[in-house]
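A.B. asks: Encoded as structure tokens, here's the structure I'll be asking about.
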Amino acid sequence: MITLSEWEQQGQYESIHGHQIFTRYAGDKRAPVLLLIHGYPSASWDWEGMWNALTKRYYVVTLDMLGFGFSDKPKNACYLIRQQADIYECLLDKLDVSDYHILAHDYGDTVAQELLARQVEGNNYMHITSVCFLNGGLFPEMHKPILIQKLLLSPLGPLVSKFINKQKFTTSLQQVFGPNTQPTPDVIDALWQLLTHNQGLKVMHRLINYIPQRQQYRERWVGAIINSTIPVKLIAGAKDPISGQHMIDHYRKLIPNANATEMPMLGHYPQVEDAGAITAVYLRFRDNIN
């Protein structure tokens with residue numbers, strides 16, 4: 001396991017759009033570029049279990065989005081999905097990347113859909129070569145938010161965030177992990193540290209507005225998957241109450257020639273719950289498209 005302090009020490013901070021953004025990249029710069037996009041409410045450390053295997057094959061690039069992890073968490077930011085997509089594009093531009101693959105999870109799926117939508121529209125000067133989604137609300141009509149998400153979305157949101165403590169956070173995490181792959185104390189500690197870093201609890205009710213954004217831009221973001229001409233893959237834990245079996249079934253129904261692999265016993269954080277299994281499925285996907 002790569003500890004949180006090691007993860008931070010091996011990264012660097014970049015000034016992007018006036019904010020300090022934590023970034024991390026490793027691997028052979030001549031290898032294909034793989035962009036990892038994390039979920040809510042965690043950070044790029046989610047990928048630590050896959051990191052060493054992926055960096056042997058690819059030049060892997062990731063960051064903590066604005067409002068997440070080690071990055072700045074401005075109290076009055078709007079936290080729009082398109083702004084997060086802009087941050088990724090800015091980093092890729094700084095790294096002189098022209099072609100890249102995406103592996104995304106949860107909130108990151110929505111950011112990946114926005115990046116894909118730009119490509120479908122022909123607006124993108126960088127080319128996405130493939131996209132792989134892990135559990136996330138790809139279709140807003142299938143997303144089943146848990147209680148804490150509903151409360152944060154409500155007018156009580158700013159108040160609710162003041163009452164979130166480590167025990168409540170732990171309970172929420174346990175609800176969304178698979179029954180046999182529950183989060184270890186180390187994982188809970190790391191995710192709690194990332195959440196509370198830079199007074200992160202104070203922006204949780206602002207970050208949650210990705211849920212109404214998904215409804216607002218549904219046609220654009222779902223259309224991006226349907227109309228994309230590049231390989232697209234879904235790997236998802238079926239035991240996830242938020243976006244599990246019901247999301248997988250809907251994906252197969254809506255997406256032409258859907259390429260989906262369900263992990264029957266995993267929950268909402270498949271890459272944390274069984275990093276080895278998710279890495280193996282992802283590498284098979286990549287081998288089949290090369």
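Just so we're on the same page: first chain in the structure tokens is A, next is B, and so on; residues restart at 1 for each chain, and ligands are numbered from 1 in the order they show up.
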Near Gly108 of chain A, within 8 Å and counting only C-alpha atoms, which residues show up once chain neighbours fewer than 4 positions away are dropped, as a list in words?
C.D. replies: Ile37, His38, Gly39, Tyr40, Ala104, Ala112 and Gly136 of chain A
A.B. asks: Given the selection you just returned, output its residues as a file containing all heavy atoms, formatted as an mmCIF file, in the first residue's frame.
C.D. replies:
```cif
data_model
loop_
_atom_site.group_PDB
_atom_site.id
_atom_site.type_symbol
_atom_site.label_atom_id
_atom_site.label_comp_id
_atom_site.auth_asym_id
_atom_site.auth_seq_id
_atom_site.Cartn_x
_atom_site.Cartn_y
_atom_site.Cartn_z
ATOM 1 N N ILE A 37 -9.094 9.705 -13.249
ATOM 2 C CA ILE A 37 -9.983 10.754 -12.733
ATOM 3 C C ILE A 37 -10.772 10.174 -11.556
ATOM 4 O O ILE A 37 -11.576 9.256 -11.721
ATOM 5 C CB ILE A 37 -10.942 11.264 -13.832
ATOM 6 C CG1 ILE A 37 -10.170 11.637 -15.110
ATOM 7 C CG2 ILE A 37 -11.735 12.464 -13.326
ATOM 8 C CD1 ILE A 37 -11.040 12.190 -16.236
ATOM 9 N N HIS A 38 -10.547 10.735 -10.367
ATOM 10 C CA HIS A 38 -11.108 10.174 -9.135
ATOM 11 C C HIS A 38 -12.569 10.577 -8.902
ATOM 12 O O HIS A 38 -13.158 11.362 -9.648
ATOM 13 C CB HIS A 38 -10.246 10.589 -7.940
ATOM 14 C CG HIS A 38 -10.308 12.058 -7.628
ATOM 15 N ND1 HIS A 38 -11.370 12.633 -6.953
ATOM 16 C CD2 HIS A 38 -9.446 13.080 -7.891
ATOM 17 C CE1 HIS A 38 -11.159 13.921 -6.816
ATOM 18 N NE2 HIS A 38 -10.001 14.237 -7.383
ATOM 19 N N GLY A 39 -13.131 10.063 -7.801
ATOM 20 C CA GLY A 39 -14.534 10.302 -7.473
ATOM 21 C C GLY A 39 -14.747 11.211 -6.272
ATOM 22 O O GLY A 39 -13.813 11.795 -5.733
ATOM 23 N N TYR A 40 -16.010 11.304 -5.859
ATOM 24 C CA TYR A 40 -16.452 12.125 -4.720
ATOM 25 C C TYR A 40 -16.718 11.189 -3.541
ATOM 26 O O TYR A 40 -17.356 10.151 -3.738
ATOM 27 C CB TYR A 40 -17.735 12.856 -5.112
ATOM 28 C CG TYR A 40 -18.453 13.590 -4.002
ATOM 29 C CD1 TYR A 40 -18.254 14.944 -3.808
ATOM 30 C CD2 TYR A 40 -19.326 12.921 -3.145
ATOM 31 C CE1 TYR A 40 -18.909 15.626 -2.785
ATOM 32 C CE2 TYR A 40 -19.984 13.587 -2.124
ATOM 33 C CZ TYR A 40 -19.781 14.946 -1.951
ATOM 34 O OH TYR A 40 -20.421 15.609 -0.943
ATOM 35 N N ALA A 104 -11.805 6.353 -15.196
ATOM 36 C CA ALA A 104 -12.502 7.278 -14.298
ATOM 37 C C ALA A 104 -13.417 6.528 -13.335
ATOM 38 O O ALA A 104 -13.853 5.403 -13.613
ATOM 39 C CB ALA A 104 -13.318 8.280 -15.108
ATOM 40 N N ALA A 112 -15.180 12.798 -17.142
ATOM 41 C CA ALA A 112 -14.770 12.094 -18.368
ATOM 42 C C ALA A 112 -15.830 12.250 -19.458
ATOM 43 O O ALA A 112 -15.499 12.422 -20.642
ATOM 44 C CB ALA A 112 -14.545 10.615 -18.060
ATOM 45 N N GLY A 136 -20.336 4.781 -11.224
ATOM 46 C CA GLY A 136 -20.638 6.206 -11.183
ATOM 47 C C GLY A 136 -21.990 6.476 -11.825
ATOM 48 O O GLY A 136 -22.560 5.617 -12.500
#
```
A.B. asks: Please run DSSP on the backbone and report, as a list in words, all residues within segment 121-277 of chain A that come out as strand (DSSP E or B).
C.D. replies: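 Answer for segment 121-277 of chain A restricted to strand (DSSP E or B) is His127, Ile128, Thr129, Ser130, Val131, Cys132, Phe133, Val232, Lys233, Leu234, Ile235, Ala236, Gly237, Ala260, Thr261, Glu262 and Met263 of chain A.
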A.B. asks: Can you write out the residues you just picked, keeping N, CA and C atoms, as a PDB file, in the first residue's frame?
C.D. replies:
```
ATOM      1  N   HIS A 127      -6.696  14.347 -28.194  1.00  0.00           N
ATOM      2  CA  HIS A 127      -7.530  13.220 -28.609  1.00  0.00           C
ATOM      3  C   HIS A 127      -7.593  12.154 -27.527  1.00  0.00           C
ATOM      4  N   ILE A 128      -8.827  11.819 -27.123  1.00  0.00           N
ATOM      5  CA  ILE A 128      -9.046  10.716 -26.185  1.00  0.00           C
ATOM      6  C   ILE A 128      -9.106   9.440 -27.017  1.00  0.00           C
ATOM      7  N   THR A 129      -8.286   8.452 -26.643  1.00  0.00           N
ATOM      8  CA  THR A 129      -8.169   7.227 -27.431  1.00  0.00           C
ATOM      9  C   THR A 129      -9.090   6.123 -26.927  1.00  0.00           C
ATOM     10  N   SER A 130      -9.349   6.107 -25.620  1.00  0.00           N
ATOM     11  CA  SER A 130     -10.317   5.161 -25.048  1.00  0.00           C
ATOM     12  C   SER A 130     -10.759   5.691 -23.691  1.00  0.00           C
ATOM     13  N   VAL A 131     -11.929   5.210 -23.247  1.00  0.00           N
ATOM     14  CA  VAL A 131     -12.438   5.586 -21.919  1.00  0.00           C
ATOM     15  C   VAL A 131     -12.923   4.331 -21.208  1.00  0.00           C
ATOM     16  N   CYS A 132     -12.547   4.221 -19.928  1.00  0.00           N
ATOM     17  CA  CYS A 132     -13.089   3.154 -19.087  1.00  0.00           C
ATOM     18  C   CYS A 132     -13.711   3.791 -17.845  1.00  0.00           C
ATOM     19  N   PHE A 133     -14.977   3.501 -17.627  1.00  0.00           N
ATOM     20  CA  PHE A 133     -15.708   4.001 -16.457  1.00  0.00           C
ATOM     21  C   PHE A 133     -15.780   2.924 -15.385  1.00  0.00           C
ATOM     22  N   VAL A 232     -15.140   2.285 -25.549  1.00  0.00           N
ATOM     23  CA  VAL A 232     -15.625   2.701 -24.222  1.00  0.00           C
ATOM     24  C   VAL A 232     -15.986   1.437 -23.437  1.00  0.00           C
ATOM     25  N   LYS A 233     -15.577   1.403 -22.178  1.00  0.00           N
ATOM     26  CA  LYS A 233     -15.762   0.212 -21.343  1.00  0.00           C
ATOM     27  C   LYS A 233     -16.348   0.608 -19.989  1.00  0.00           C
ATOM     28  N   LEU A 234     -17.188  -0.250 -19.432  1.00  0.00           N
ATOM     29  CA  LEU A 234     -17.672  -0.093 -18.061  1.00  0.00           C
ATOM     30  C   LEU A 234     -17.225  -1.297 -17.247  1.00  0.00           C
ATOM     31  N   ILE A 235     -16.580  -1.023 -16.102  1.00  0.00           N
ATOM     32  CA  ILE A 235     -16.263  -2.068 -15.117  1.00  0.00           C
ATOM     33  C   ILE A 235     -16.938  -1.619 -13.829  1.00  0.00           C
ATOM     34  N   ALA A 236     -17.844  -2.438 -13.293  1.00  0.00           N
ATOM     35  CA  ALA A 236     -18.607  -1.940 -12.144  1.00  0.00           C
ATOM     36  C   ALA A 236     -18.895  -3.020 -11.122  1.00  0.00           C
ATOM     37  N   GLY A 237     -18.801  -2.613  -9.856  1.00  0.00           N
ATOM     38  CA  GLY A 237     -19.185  -3.481  -8.751  1.00  0.00           C
ATOM     39  C   GLY A 237     -20.695  -3.548  -8.639  1.00  0.00           C
ATOM     40  N   ALA A 260     -19.282  -4.165 -21.131  1.00  0.00           N
ATOM     41  CA  ALA A 260     -19.404  -3.998 -19.674  1.00  0.00           C
ATOM     42  C   ALA A 260     -18.984  -5.270 -18.954  1.00  0.00           C
ATOM     43  N   THR A 261     -18.231  -5.097 -17.891  1.00  0.00           N
ATOM     44  CA  THR A 261     -17.849  -6.222 -17.024  1.00  0.00           C
ATOM     45  C   THR A 261     -18.357  -5.925 -15.626  1.00  0.00           C
ATOM     46  N   GLU A 262     -19.208  -6.815 -15.100  1.00  0.00           N
ATOM     47  CA  GLU A 262     -19.668  -6.591 -13.734  1.00  0.00           C
ATOM     48  C   GLU A 262     -18.853  -7.441 -12.775  1.00  0.00           C
ATOM     49  N   MET A 263     -18.559  -6.844 -11.625  1.00  0.00           N
ATOM     50  CA  MET A 263     -17.822  -7.536 -10.577  1.00  0.00           C
ATOM     51  C   MET A 263     -18.861  -7.875  -9.509  1.00  0.00           C
TER      52      MET A 263
END
```
A.B. asks: I want to know what sits within 12 Å of Trp7 of chain A, based on only C-alpha atoms, with residues of the same chain fewer than 2 positions away left out; could you give that as a PyMOL selection string?
C.D. replies: chain A and resi 1-5+9-12+22-26+43-49+51-52+62-64+69-70+190+194
A.B. asks: Using only C-alpha atoms, which residues sit within 8 Å of Leu207 of chain A once same-chain residues fewer than 3 positions away are excluded, as a short mmCIF file (atom, residue, chain, number, x, y, z; two decimals) with N, CA, C and O atoms, in the first residue's frame?
C.D. replies:
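Done, and the output landed in around_28.cif:
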```cif
data_model
loop_
_atom_site.label_atom_id
_atom_site.label_comp_id
_atom_site.auth_asym_id
_atom_site.auth_seq_id
_atom_site.Cartn_x
_atom_site.Cartn_y
_atom_site.Cartn_z
N GLY A 67 -11.24 21.36 -4.76
CA GLY A 67 -12.19 21.01 -3.71
C GLY A 67 -11.96 19.64 -3.10
O GLY A 67 -12.66 19.24 -2.17
N CYS A 78 -17.89 27.55 -7.50
CA CYS A 78 -19.13 26.91 -7.99
C CYS A 78 -18.94 25.40 -8.19
O CYS A 78 -19.91 24.66 -8.19
N TYR A 79 -17.72 24.98 -8.38
CA TYR A 79 -17.40 23.56 -8.58
C TYR A 79 -18.21 22.94 -9.73
O TYR A 79 -18.94 21.97 -9.55
N VAL A 203 -16.79 22.57 2.10
CA VAL A 203 -17.20 22.70 0.69
C VAL A 203 -17.98 21.49 0.19
O VAL A 203 -18.37 21.43 -0.97
N MET A 204 -18.25 20.53 1.08
CA MET A 204 -18.95 19.31 0.63
C MET A 204 -20.32 19.61 0.02
O MET A 204 -20.71 19.00 -0.98
N TYR A 210 -22.74 18.42 -8.30
CA TYR A 210 -22.56 17.62 -9.52
C TYR A 210 -23.81 16.80 -9.82
O TYR A 210 -24.08 16.45 -10.98
#
```
A.B. asks: Calculated over only C-alpha atoms, which of the candidates A:Leu201, A:Ala258, A:Tyr107, A:Gln119 has the smallest distance to Leu159 of chain A?
C.D. replies: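 Using only C-alpha atoms, the shortest distance to Leu159 of chain A belongs to A:Leu201.
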A.B. asks: Rounded to one decimal, what separation in Å do you get between atom CA of Leu254 of chain A and atom CA of Ala275 of chain A?
C.D. replies: 27.7 Å
A.B. asks: If you count only C-alpha atoms, which residues fall within 6 Å of segment 27-36 of chain A, apart from same-chain ones fewer than 2 positions away, as number ranges by chain?
C.D. replies: A: 55, 58-62, 100-104
A.B. asks: Give me a file of those residues, with C-alpha atoms, as an mmCIF file, in the first residue's frame.
C.D. replies:
```
data_model
loop_
_atom_site.group_PDB
_atom_site.id
_atom_site.type_symbol
_atom_site.label_atom_id
_atom_site.label_comp_id
_atom_site.auth_asym_id
_atom_site.auth_seq_id
_atom_site.Cartn_x
_atom_site.Cartn_y
_atom_site.Cartn_z
ATOM 1 C CA THR A 55 2.840 2.834 -14.338
ATOM 2 C CA TYR A 58 1.631 3.588 -19.223
ATOM 3 C CA TYR A 59 2.628 7.153 -18.462
ATOM 4 C CA VAL A 60 0.032 7.702 -15.748
ATOM 5 C CA VAL A 61 -1.238 11.205 -14.946
ATOM 6 C CA THR A 62 -3.634 12.188 -12.169
ATOM 7 C CA TYR A 100 -4.525 9.977 -23.948
ATOM 8 C CA HIS A 101 -6.728 7.264 -22.450
ATOM 9 C CA ILE A 102 -9.085 7.797 -19.490
ATOM 10 C CA LEU A 103 -9.876 5.591 -16.493
ATOM 11 C CA ALA A 104 -12.502 7.278 -14.298
#
```
A.B. asks: Which neighbours of segment 87-97 of chain A fall inside 8 Å, counting only C-alpha atoms, when residues of the same chain fewer than 4 positions from it are skipped, and could you give them as a ChimeraX atom specification?
C.D. replies: /A:16-17,33,63,65,83,126
A.B. asks: If DSSP is run on the backbone, what residues of segment 175-210 of chain A are alpha helix (DSSP H)? A reply as a tab-separated table (two decimals) with N, CA and C atoms, in the first residue's frame would be ideal.
C.D. replies:
```tsv
chain	number	residue	atom	x	y	z
A	175	GLN	N	-21.53	1.37	3.94
A	175	GLN	CA	-22.79	1.11	3.21
A	175	GLN	C	-22.57	0.87	1.72
A	176	VAL	N	-21.54	1.51	1.17
A	176	VAL	CA	-21.38	1.46	-0.29
A	176	VAL	C	-20.30	0.49	-0.76
A	185	PRO	N	-9.34	-0.09	8.28
A	185	PRO	CA	-9.09	1.13	9.06
A	185	PRO	C	-8.12	2.09	8.36
A	186	ASP	N	-7.11	1.54	7.67
A	186	ASP	CA	-6.14	2.39	6.95
A	186	ASP	C	-6.81	3.17	5.83
A	187	VAL	N	-7.70	2.50	5.10
A	187	VAL	CA	-8.42	3.18	4.01
A	187	VAL	C	-9.33	4.26	4.57
A	188	ILE	N	-10.05	3.94	5.64
A	188	ILE	CA	-10.95	4.93	6.25
A	188	ILE	C	-10.15	6.14	6.74
A	189	ASP	N	-9.02	5.88	7.40
A	189	ASP	CA	-8.17	6.97	7.91
A	189	ASP	C	-7.70	7.87	6.77
A	190	ALA	N	-7.24	7.25	5.69
A	190	ALA	CA	-6.71	8.02	4.56
A	190	ALA	C	-7.81	8.86	3.90
A	191	LEU	N	-8.96	8.26	3.66
A	191	LEU	CA	-10.05	8.99	3.01
A	191	LEU	C	-10.58	10.12	3.90
A	192	TRP	N	-10.60	9.89	5.21
A	192	TRP	CA	-11.04	10.93	6.15
A	192	TRP	C	-10.04	12.09	6.16
A	193	GLN	N	-8.75	11.76	6.17
A	193	GLN	CA	-7.71	12.79	6.12
A	193	GLN	C	-7.83	13.65	4.86
A	194	LEU	N	-8.05	12.98	3.73
A	194	LEU	CA	-8.18	13.70	2.46
A	194	LEU	C	-9.40	14.62	2.46
A	195	LEU	N	-10.47	14.12	3.04
A	195	LEU	CA	-11.73	14.88	3.09
A	195	LEU	C	-11.59	16.12	3.97
A	196	THR	N	-10.92	15.98	5.10
A	196	THR	CA	-10.85	17.07	6.07
A	196	THR	C	-9.67	18.01	5.83
A	204	MET	N	-18.25	20.53	1.08
A	204	MET	CA	-18.95	19.31	0.63
A	204	MET	C	-20.32	19.61	0.02
A	205	HIS	N	-21.04	20.56	0.62
A	205	HIS	CA	-22.38	20.87	0.10
A	205	HIS	C	-22.29	21.60	-1.25
A	206	ARG	N	-21.14	22.20	-1.56
A	206	ARG	CA	-20.96	22.82	-2.87
A	206	ARG	C	-20.54	21.78	-3.91
A	207	LEU	N	-19.66	20.87	-3.51
A	207	LEU	CA	-19.20	19.84	-4.44
A	207	LEU	C	-20.35	18.93	-4.89
A	210	TYR	N	-22.74	18.42	-8.30
A	210	TYR	CA	-22.56	17.62	-9.52
A	210	TYR	C	-23.81	16.80	-9.82
```
A.B. asks: So, counting only C-alpha atoms, which residue among A:Gln215, A:Gln199, A:Asn135, A:Asn227 is closest to Leu266 of chain A?
C.D. replies: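 Ranking A:Gln215, A:Gln199, A:Asn135, A:Asn227 by distance to Leu266 of chain A, first place goes to A:Asn135.
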A.B. asks: Could you list, as a list in words, every residue within 7 Å of Ser243 of chain A, counting only C-alpha atoms and ignoring same-chain residues fewer than 2 positions away?
C.D. replies: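 Near neighbours after the sequence-gap exclusion: Asn135, Gly136, Gly137, His143, Lys144, Asp240, Pro241, Gln245, His246 and Met247 of chain A.
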A.B. asks: Rounded to one decimal in Å, what is the spacing between atom CA of Leu147 of chain A and atom CA of His268 of chain A?
C.D. replies: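 About the pair atom CA of Leu147 of chain A and atom CA of His268 of chain A: they are 15.3 Å apart.
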A.B. asks: Just checking: using only C-alpha atoms, which residue out of A:Thr110, A:Gln84, A:Gln271, A:Ser98 ends up closest to Pro212 of chain A?
C.D. replies: A:Thr110
A.B. asks: So, with only C-alpha atoms as the atoms that count, which of A:Ala277, A:Leu156, A:Leu138, A:Leu66 lies closest to Gly18 of chain A?
C.D. replies: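 Comparing A:Ala277, A:Leu156, A:Leu138, A:Leu66 against Gly18 of chain A, the winner is A:Leu66.
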A.B. asks: Between atom CA of Met265 of chain A and atom CA of Gly178 of chain A, what is the spacing in Å?
C.D. replies: 6.0 Å
A.B. asks: Smallest atom-to-atom distance to Leu80 of chain A: which of A:Gln216, A:Asn257, A:Asn209, A:Ser42, using only C-alpha atoms?
C.D. replies: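 Checking each candidate against Leu80 of chain A, we get A:Asn209 as the closest.
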